[in-house]
Amino acid sequence: MKRMQGKKELPAGAGAGGGRHLTMSRKKSLVGLLFVTPWLAGFFVFFASPLLQAINYSLNKVTITAAGRKMTYVGIGNYQDIFLKDAYFVDRLLNFLKEIILQLPLILVFSLVIAILLNQSVKGKGIFRTLFFLPIIVVSGPVMQMLISSGSTTIPLIEQYGLYEMIEETVPRFLREPVTGLFSELLLILWYSGVPTLIFLAGLQKIDPTLYEASYMDGASSWVAFWKIVLPSIRGMILINSIYVTVFLATSELNEVIDLIRSNMLNASKGFGIASAMAWLYTICILAIIGLCYALFGRTQGGEKPKKSGGKGRKP
Amino acid sequence: MNKKFAGQYAFLRARLIGRPGHRGWLFKAMIYVLLVSIGFVYLYPVLNMFVTSLMGLADLLDAAVKWVPTAVTFDNYREALDVMRVKETLINSVVGALLPALAQTAVCALTGYGLARYQVPFKKLILGLLIVTFVVPPYVLLVPNYVMFSDYGLLGTLKTLIYPAMLGQGMKSAIFVLIFMQFFRQTPLSLDEAARVDGAGEARIFFGIAVPLAVPAFIISFLFSFVWYWNETYFTALYLNGNNIGDTTKVSTMLLELQNFDAMYKQRVQQVASWGASVMGESVANEAVKMAATVITVLPLLILYFCLQKYFVEGIDRTGITGE
């Protein structure tokens with residue numbers, strides 16, 4: 001806080017220091033600002049101002065005429081239209097939310113398991129790692145579409161063992177479709193675990209191995225050590241991963257909601273207004289999920305706080 | 001009696017499961033089995049893709065042929081290369097991924113350095129905004145950005161991808177800023193001080209000390225940026241082709257070609273009427289050709305990955321991705 005004020009008082013301070021002579025710390029903070037300037041400029045040009053315009057668009061009916069764009073203010077009319085008239089959007093959005101809520105925990109669990117396996121001291125570690133991070137490279141909209149349509153992503157064994165019948169019998173109806181979908185896309189989920197595995201692995205490697213040995217000496221089994229040592233130390237990583245996966249799923253090109261936004265935008269009868277309003281609704285949902293993740297995995301325990309303040313205190 | 005059993009149990013336990021740092025063989029065997037089986041599931045689609053892409057028509061139709069084609073053919077690749085117009089689209093793909101990736105890496109390095117090493121005014125606010133740019137889906141900005149690009153006549157050019165990257169608002173830039181920040185924090189400040197005493201300027205310190213020490217971070221950022229830009233199709237399709245997303249006669253990348261492969265294939269077959277039986281009716285690309293096309297689009301990435309995988313796999317812990 002003190003330094004922030006220091007910046008505001010800059011002209012006065014500079015005068016007192018004798019003309020153009022800046023104190024060392026002020027000069028340094030200005031240099032730092034210089035390093036950050038391109039990003040700040042980009043933030044205003046490509047993020048903040050479009051964001052404000054997007055609000056504006058979503059409240060207007062935008063028609064494109066020969067003379068240019070014409071905006072007519074309609075208030076929340078666009079939002080009303082989406083809920084009352086649009087046949088697809090709400091449906092697809094709900095589907096997407098259902099999917100994300102099912103997939104997110106699975107991806108987190110899978111990636112944690114794989115990270116723990118990769119963290120064991122085994123021979124050929126490098127080969128396994130190379131293999132498990134391969135999907136990060138390959139995952140992209142069109143490629144996944146091709147693989148899904150060719151049936152490469154379903155494991156034939158699952159269908160043979162009558163798993164689907166079992167699901168039909170045991171799972172409540174409203175969850176049935178997502179759950180069967182889940183099993184048929186098990187591979188996708190594994191593939192999406194690439195980056196989260198990477199993050200978990202980096203987190204696991206930071207745990208002091210002597211902790212395990214100490215707990216073993218005290219009679220704790222590996223199972224207990226997992227819950228008492230591993231999980232608490234990677235708590236922050238779980239938060240990062242849950243946010244990452246949410247953003248990843250939300251921006252995945254296989255996502256039907258974003259397809260709808262684009263096609264509406266290019267649709268002359270609906271146009272920019274409706275598309276912007278949809279994008280906003282979508283954003284609010286995503287932010288809500290991320291907020292939920294934060295509430296679940298965020299700093300509810302004191303463990304995270306000292307780390308943060310420690311990080312800050314280290315700086316001059 | 002009891003004691004004896006306990007002793008045997010402890011002995012067996014030590015041999016089979018072991019303890020941290022020294023695992024027994026059962027434990028190890030289990031790990032290997034799990035790793036190999038999960039690894040197989042991971043690789044299954046890729047293997048399937050490669051194998052199918054080498055199959056001839058007869059093998060495709062024969063249900064008995066699953067993993068080993070009776071005859072390996074490269075015709076599929078020839079067709080796919082032709083349909084995707086790889087000669088033209090490869091350059092676009094490379095340029096469209098390389099330039100934004102380089103720009104993004106450079107700007108994110110500067111930003112991360114500034115935030116990590118200097119007492120930048122409003123630092124907390126800037127960090128907050130950084131997180132916001134990551135969390136807010138880019139689709140909100142779709143319409144305004146599209147309008148902006150069309151007003152400045154940038155639509156249909158790769159500049160639509162490069163300009164945002166040059167100002168640190170490219171794909172997932174926030175992640176890279178955080179990676180660099182974390183990395184630059186790890187280099188000791190005393191190095192800077194020593195250089196300053198020796199009369200080095202701030203720019204000199206950055207290029208002379210910070211950058212050489214941060215090579216792994218640069219490689220990671222570049223790799224990920226490159227891969228993500230290469231794989232991007234949503235914005236690329238919109239910004240490059242404007243209203244006609246299906247129309248790939250304009251600037252097109254390999255991924256866009258793959259996305260519209262069926263349409264492109266049909267078009268191509270109609271042009272070249274010498275491609276055999278399918279010409280008469282509705283011509284649809286068979287599985288093998290599609291898989292060949294997929295292999296072609298991911299091949300450059302695979303090569304890149306296997307060349308740089310050392311950094312990819314080992315550089316992770318050094319870059320301290322896990323920081324904030």
# chains A, B, ... in the order shown; residues from 1 in each chain; ligands from 1
>>> closest_atom_pairs(of="chain B", to="chain A", cutoff="6 Å", atoms="only C-alpha atoms", output="tab-separated table")
residue	atom	partner	partner_atom	distance
B:Pro20	CA	A:Glu213	CA	5.8
B:Pro45	CA	A:Ser152	CA	4.8
B:Leu110	CA	A:Phe35	CA	5.4
B:Thr111	CA	A:Val36	CA	4.6
B:Gly114	CA	A:Gly32	CA	4.6
B:Tyr118	CA	A:Gly32	CA	5.0
B:Gln119	CA	A:Ser29	CA	5.0
B:Val120	CA	A:Ser29	CA	5.0
B:Pro121	CA	A:Met4	CA	5.2
B:Tyr139	CA	A:Ala279	CA	5.9
B:Val140	CA	A:Ala279	CA	4.9
B:Leu141	CA	A:Pro50	CA	5.6
B:Pro144	CA	A:Pro50	CA	5.2
B:Leu167	CA	A:Gly42	CA	4.4
B:Gly168	CA	A:Trp39	CA	5.0
B:Gln169	CA	A:Gly42	CA	5.9
B:Asn231	CA	A:Ser140	CA	5.3
B:Gln259	CA	A:Pro142	CA	4.9
B:Asp317	CA	A:Ala202	CA	5.0
>>> residues_around(residues="Ala214 in chain B", least_positions_apart="5", cutoff="10 Å", atoms="only C-alpha atoms", output="list in words")
Ala109, Phe180, Phe183, Phe184, Gln186, Thr187, Ile209, Ile219, Arg318 and Thr319 of chain B
>>> atom_distance(atom1="CA of Cys108 in chain B", atom2="CA of Gly201 in chain B")
20.8 Å
>>> closest_residue(among="B:Val215, B:Leu26, B:Leu301, B:Ala194", to="Thr105 in chain B", atoms="only C-alpha atoms")
B:Val215
>>> select_by_dssp(residues="range 112-281 of chain B", states="alpha helix (DSSP H)", output="JSON, numbers by chain")
{"B": [112, 113, 114, 115, 116, 117, 123, 124, 125, 126, 127, 128, 129, 130, 131, 132, 133, 134, 135, 142, 143, 144, 145, 146, 147, 148, 149, 150, 151, 159, 160, 161, 162, 163, 164, 165, 166, 173, 174, 175, 176, 177, 178, 179, 180, 181, 182, 183, 184, 185, 186, 189, 190, 191, 192, 193, 194, 195, 196, 197, 202, 203, 204, 205, 211, 212, 213, 215, 216, 217, 218, 219, 220, 221, 222, 223, 224, 225, 226, 227, 228, 229, 230, 231, 234, 235, 236, 237, 238, 239, 240, 241, 254, 255, 256, 257, 258, 259, 261, 262, 263, 264, 265, 266, 267, 268, 269, 270, 271]}
>>> atom_distance(atom1="CA of Glu257 in chain B", atom2="CA of Trp228 in chain B")
16.8 Å
>>> select_by_dssp(residues="range 2-175 of chain B", states="strand (DSSP E or B)", output="ChimeraX atom specification")
/B:18-19,22-23
>>> write_last_selection(atoms="N, CA and C atoms", output="PDB file, in the first residue's frame")
ATOM      1  N   GLY B  18       6.962 -53.453   1.084  1.00  0.00           N
ATOM      2  CA  GLY B  18       8.122 -52.616   1.350  1.00  0.00           C
ATOM      3  C   GLY B  18       7.755 -51.346   2.070  1.00  0.00           C
ATOM      4  N   ARG B  19       8.676 -50.416   2.061  1.00  0.00           N
ATOM      5  CA  ARG B  19       8.412 -49.146   2.738  1.00  0.00           C
ATOM      6  C   ARG B  19       8.832 -47.998   1.828  1.00  0.00           C
ATOM      7  N   HIS B  22      11.917 -47.831  -0.458  1.00  0.00           N
ATOM      8  CA  HIS B  22      12.388 -49.167  -0.778  1.00  0.00           C
ATOM      9  C   HIS B  22      11.177 -50.089  -0.883  1.00  0.00           C
ATOM     10  N   ARG B  23      10.608 -50.166  -2.059  1.00  0.00           N
ATOM     11  CA  ARG B  23       9.343 -50.873  -2.232  1.00  0.00           C
ATOM     12  C   ARG B  23       9.546 -52.349  -2.532  1.00  0.00           C
TER      13      ARG B  23
END
